[in-house]
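Q: Take a look at this one; I'll ask things after.
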Amino acid sequence: MGPSDLEVRLERFTLDDLEEARTLWRSTGMWLRPSDEPRQMGLLVARDPDLQLAARDAAGRLVGTALGGWDGRRAYVYHLAVATDSQRQGIASRLMDELEARFLARGALKAKLQVLVGNDASRAFFRARGYLLESDCEPWGKELVPGGAPPACCDPAAPEDLRAAK
């Protein structure tokens with residue numbers, strides 16, 4: 001069994017945490033994109049350093065992340081993840097409580113996020129926190145750099161079920 005809530009400390013996520021975080025993200029089934037590479041992550045960390053959170057257990061192991069962005073109008077949640085052996089212990093809730101408090105301190109009126117199709121556990125978690133599926137708008141995107149972040153149907157690195165779903 002993993003650490004309890006009381007044994008986990010929240011701290012600032014930095015680029016020094018990135019390789020450990022990428023290992024954590026992969027272990028939870030997260031689909032890593034070109035924006036998860038060091039150069040791109042460096043842009044996020046430099047822009048909003050206080051919105052990048054890491055959760056570490058008593059031994060110093062990275063057991064969770066929650067990354068945030070603020071564009072002056074909306075707050076965005078990226079990469080909420082908790083190590084499989086540390087889930088269901090309140091770590092994700094602690095990370096989100098802290099991130100949402102920081103969004104509010106910046107003046108954010110709303111937070112947005114994306115959940116991959118088929119990720120029912122994430123859907124249930126965010127629904128329980130009061131997030132709603134916004135069916136009144138569609139996610140649209142355009143790659144500004146070829147291979148920068150193609151949609152699942154066109155990305156050979158995407159999970160097979162996402163490539164087939166398109």
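In the structure tokens, chains take letters A, B, ... by order of appearance, with residues numbered from 1 within each chain and ligands from 1 in the order shown.
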Show me, as JSON, numbers by chain, the residues that have an atom within 12 Å of Phe103 of chain A when counting only C-alpha atoms, minus same-chain residues fewer than 4 positions from it.
A: {"A": [48, 50, 51, 52, 67, 68, 69, 70, 71, 72, 73, 74, 75, 76, 77, 96, 97, 98, 99, 107, 108, 109, 110, 111, 112]}
Q: Just the selected residues (N, CA and C atoms), exported as a CSV table (one decimal), in the first residue's frame, please.
A:
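Here's the written file out09.csv:
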chain,number,residue,atom,x,y,z
A,48,ASP,N,4.2,29.8,-15.8
A,48,ASP,CA,3.4,29.7,-14.5
A,48,ASP,C,4.1,28.8,-13.5
A,50,ASP,N,4.3,28.8,-10.4
A,50,ASP,CA,3.6,28.5,-9.1
A,50,ASP,C,2.3,27.6,-9.4
A,51,LEU,N,2.0,27.3,-10.6
A,51,LEU,CA,0.9,26.5,-10.9
A,51,LEU,C,1.3,25.0,-11.2
A,52,GLN,N,2.5,24.7,-11.1
A,52,GLN,CA,3.0,23.4,-11.3
A,52,GLN,C,3.3,22.7,-10.0
A,67,LEU,N,-0.5,20.0,-13.2
A,67,LEU,CA,0.1,21.1,-13.8
A,67,LEU,C,-1.0,22.1,-14.2
A,68,GLY,N,-0.7,23.3,-14.1
A,68,GLY,CA,-1.7,24.3,-14.4
A,68,GLY,C,-1.2,25.4,-15.4
A,69,GLY,N,-2.1,26.0,-16.1
A,69,GLY,CA,-1.8,27.1,-16.9
A,69,GLY,C,-2.9,28.2,-16.7
A,70,TRP,N,-2.5,29.5,-17.0
A,70,TRP,CA,-3.4,30.6,-16.8
A,70,TRP,C,-3.1,31.5,-18.0
A,71,ASP,N,-4.1,31.8,-18.8
A,71,ASP,CA,-3.9,32.7,-19.9
A,71,ASP,C,-4.4,34.1,-19.7
A,72,GLY,N,-4.8,34.4,-18.5
A,72,GLY,CA,-5.4,35.7,-18.1
A,72,GLY,C,-6.9,35.7,-18.2
A,73,ARG,N,-7.5,34.6,-18.8
A,73,ARG,CA,-8.9,34.5,-18.9
A,73,ARG,C,-9.4,33.2,-18.4
A,74,ARG,N,-8.8,32.1,-18.7
A,74,ARG,CA,-9.2,30.8,-18.2
A,74,ARG,C,-8.0,30.1,-17.6
A,75,ALA,N,-8.3,29.2,-16.7
A,75,ALA,CA,-7.3,28.4,-16.0
A,75,ALA,C,-7.4,27.0,-16.7
A,76,TYR,N,-6.3,26.3,-16.8
A,76,TYR,CA,-6.3,25.0,-17.5
A,76,TYR,C,-5.5,24.0,-16.6
A,77,VAL,N,-6.1,22.8,-16.5
A,77,VAL,CA,-5.5,21.7,-15.7
A,77,VAL,C,-4.8,20.8,-16.7
A,96,MET,N,-5.6,18.9,-6.6
A,96,MET,CA,-6.6,19.8,-7.3
A,96,MET,C,-7.1,20.9,-6.3
A,97,ASP,N,-7.2,20.6,-5.0
A,97,ASP,CA,-7.6,21.7,-4.1
A,97,ASP,C,-6.6,22.8,-4.1
A,98,GLU,N,-5.3,22.5,-4.1
A,98,GLU,CA,-4.2,23.5,-4.1
A,98,GLU,C,-4.2,24.2,-5.5
A,99,LEU,N,-4.3,23.5,-6.6
A,99,LEU,CA,-4.3,24.1,-7.9
A,99,LEU,C,-5.4,25.1,-8.1
A,107,GLY,N,-7.4,35.1,-10.0
A,107,GLY,CA,-8.5,35.8,-10.5
A,107,GLY,C,-9.3,34.9,-11.5
A,108,ALA,N,-9.0,33.7,-11.6
A,108,ALA,CA,-9.7,32.8,-12.6
A,108,ALA,C,-11.1,32.6,-12.2
A,109,LEU,N,-12.0,32.7,-13.1
A,109,LEU,CA,-13.5,32.4,-12.9
A,109,LEU,C,-13.8,31.0,-13.3
A,110,LYS,N,-13.0,30.3,-14.0
A,110,LYS,CA,-13.3,29.0,-14.5
A,110,LYS,C,-12.0,28.2,-14.8
A,111,ALA,N,-12.1,26.9,-14.6
A,111,ALA,CA,-11.0,26.0,-14.9
A,111,ALA,C,-11.5,25.0,-16.0
A,112,LYS,N,-10.6,24.7,-16.9
A,112,LYS,CA,-10.9,23.8,-18.0
A,112,LYS,C,-9.9,22.7,-18.0
Q: Considering only C-alpha atoms, give me a table of residues in segment 25-106 of chain A that are at most 12 Å from segment 137-149 of chain A, with the closest atom pair and distance in Å for each, as JSON lines.
A:
{"residue": "A:Trp31", "atom": "CA", "partner": "A:Ala149", "partner_atom": "CA", "distance": 11.2}
{"residue": "A:Leu32", "atom": "CA", "partner": "A:Ala149", "partner_atom": "CA", "distance": 9.9}
{"residue": "A:Arg33", "atom": "CA", "partner": "A:Ala149", "partner_atom": "CA", "distance": 6.4}
{"residue": "A:Pro34", "atom": "CA", "partner": "A:Gly148", "partner_atom": "CA", "distance": 5.8}
{"residue": "A:Ser35", "atom": "CA", "partner": "A:Gly148", "partner_atom": "CA", "distance": 7.4}
{"residue": "A:Asp36", "atom": "CA", "partner": "A:Ala149", "partner_atom": "CA", "distance": 10.2}
{"residue": "A:Glu37", "atom": "CA", "partner": "A:Gly148", "partner_atom": "CA", "distance": 10.7}
{"residue": "A:Gln40", "atom": "CA", "partner": "A:Gly148", "partner_atom": "CA", "distance": 10.4}
Q: DSSP on the backbone, then: every residue of segment 1-165 of chain A marked alpha helix (DSSP H), written as JSON, numbers by chain.
A: {"A": [18, 19, 20, 21, 22, 23, 24, 25, 26, 27, 38, 39, 40, 41, 42, 43, 44, 45, 46, 47, 91, 92, 93, 94, 95, 96, 97, 98, 99, 100, 101, 102, 103, 104, 105, 106, 120, 121, 122, 123, 124, 125, 126, 127, 128, 160, 161, 162, 163, 164, 165]}
Q: Write out as a ChimeraX atom specification all residues of segment 63-115 of chain A that backbone DSSP assigns to strand (DSSP E).
A: /A:63-70,75-82,111-112
Q: Would you output that residue set with C-alpha atoms, as a PDB file, in the first residue's frame?
A:
ATOM      1  CA  VAL A  63       3.598  10.048  -6.512  1.00  0.00           C
ATOM      2  CA  GLY A  64       1.508  12.740  -8.182  1.00  0.00           C
ATOM      3  CA  THR A  65       1.422  15.775 -10.423  1.00  0.00           C
ATOM      4  CA  ALA A  66      -1.016  18.508 -11.318  1.00  0.00           C
ATOM      5  CA  LEU A  67       0.115  21.112 -13.807  1.00  0.00           C
ATOM      6  CA  GLY A  68      -1.723  24.332 -14.433  1.00  0.00           C
ATOM      7  CA  GLY A  69      -1.825  27.143 -16.925  1.00  0.00           C
ATOM      8  CA  TRP A  70      -3.401  30.591 -16.818  1.00  0.00           C
ATOM      9  CA  ALA A  75      -7.302  28.384 -16.018  1.00  0.00           C
ATOM     10  CA  TYR A  76      -6.255  25.034 -17.462  1.00  0.00           C
ATOM     11  CA  VAL A  77      -5.463  21.739 -15.748  1.00  0.00           C
ATOM     12  CA  TYR A  78      -2.877  19.451 -17.297  1.00  0.00           C
ATOM     13  CA  HIS A  79      -1.468  16.111 -16.224  1.00  0.00           C
ATOM     14  CA  LEU A  80      -3.270  15.309 -13.020  1.00  0.00           C
ATOM     15  CA  ALA A  81      -1.768  11.907 -12.292  1.00  0.00           C
ATOM     16  CA  VAL A  82      -1.221   9.748  -9.230  1.00  0.00           C
ATOM     17  CA  ALA A 111     -10.963  26.023 -14.917  1.00  0.00           C
ATOM     18  CA  LYS A 112     -10.948  23.801 -17.980  1.00  0.00           C
TER      19      LYS A 112
END
Q: Need the shell around Glu20 of chain A: protein/DNA/RNA residues with any atom at most 9 Å away, counting only C-alpha atoms. Skip same-chain ones fewer than 4 positions apart. Format as a VMD selection string?
A: chain A and resid 16 24 to 25 61 to 62
Q: Measure the distance from atom CA of Thr28 of chain A to atom CA of Leu10 of chain A in Å and round it to one decimal.
A: 19.3 Å
Q: With distances taken over only C-alpha atoms, which of A:Ala152, A:Ser122, A:Val117, A:Gly29 is nearest to Ala92 of chain A?
A: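 Closest candidate: A:Ser122.
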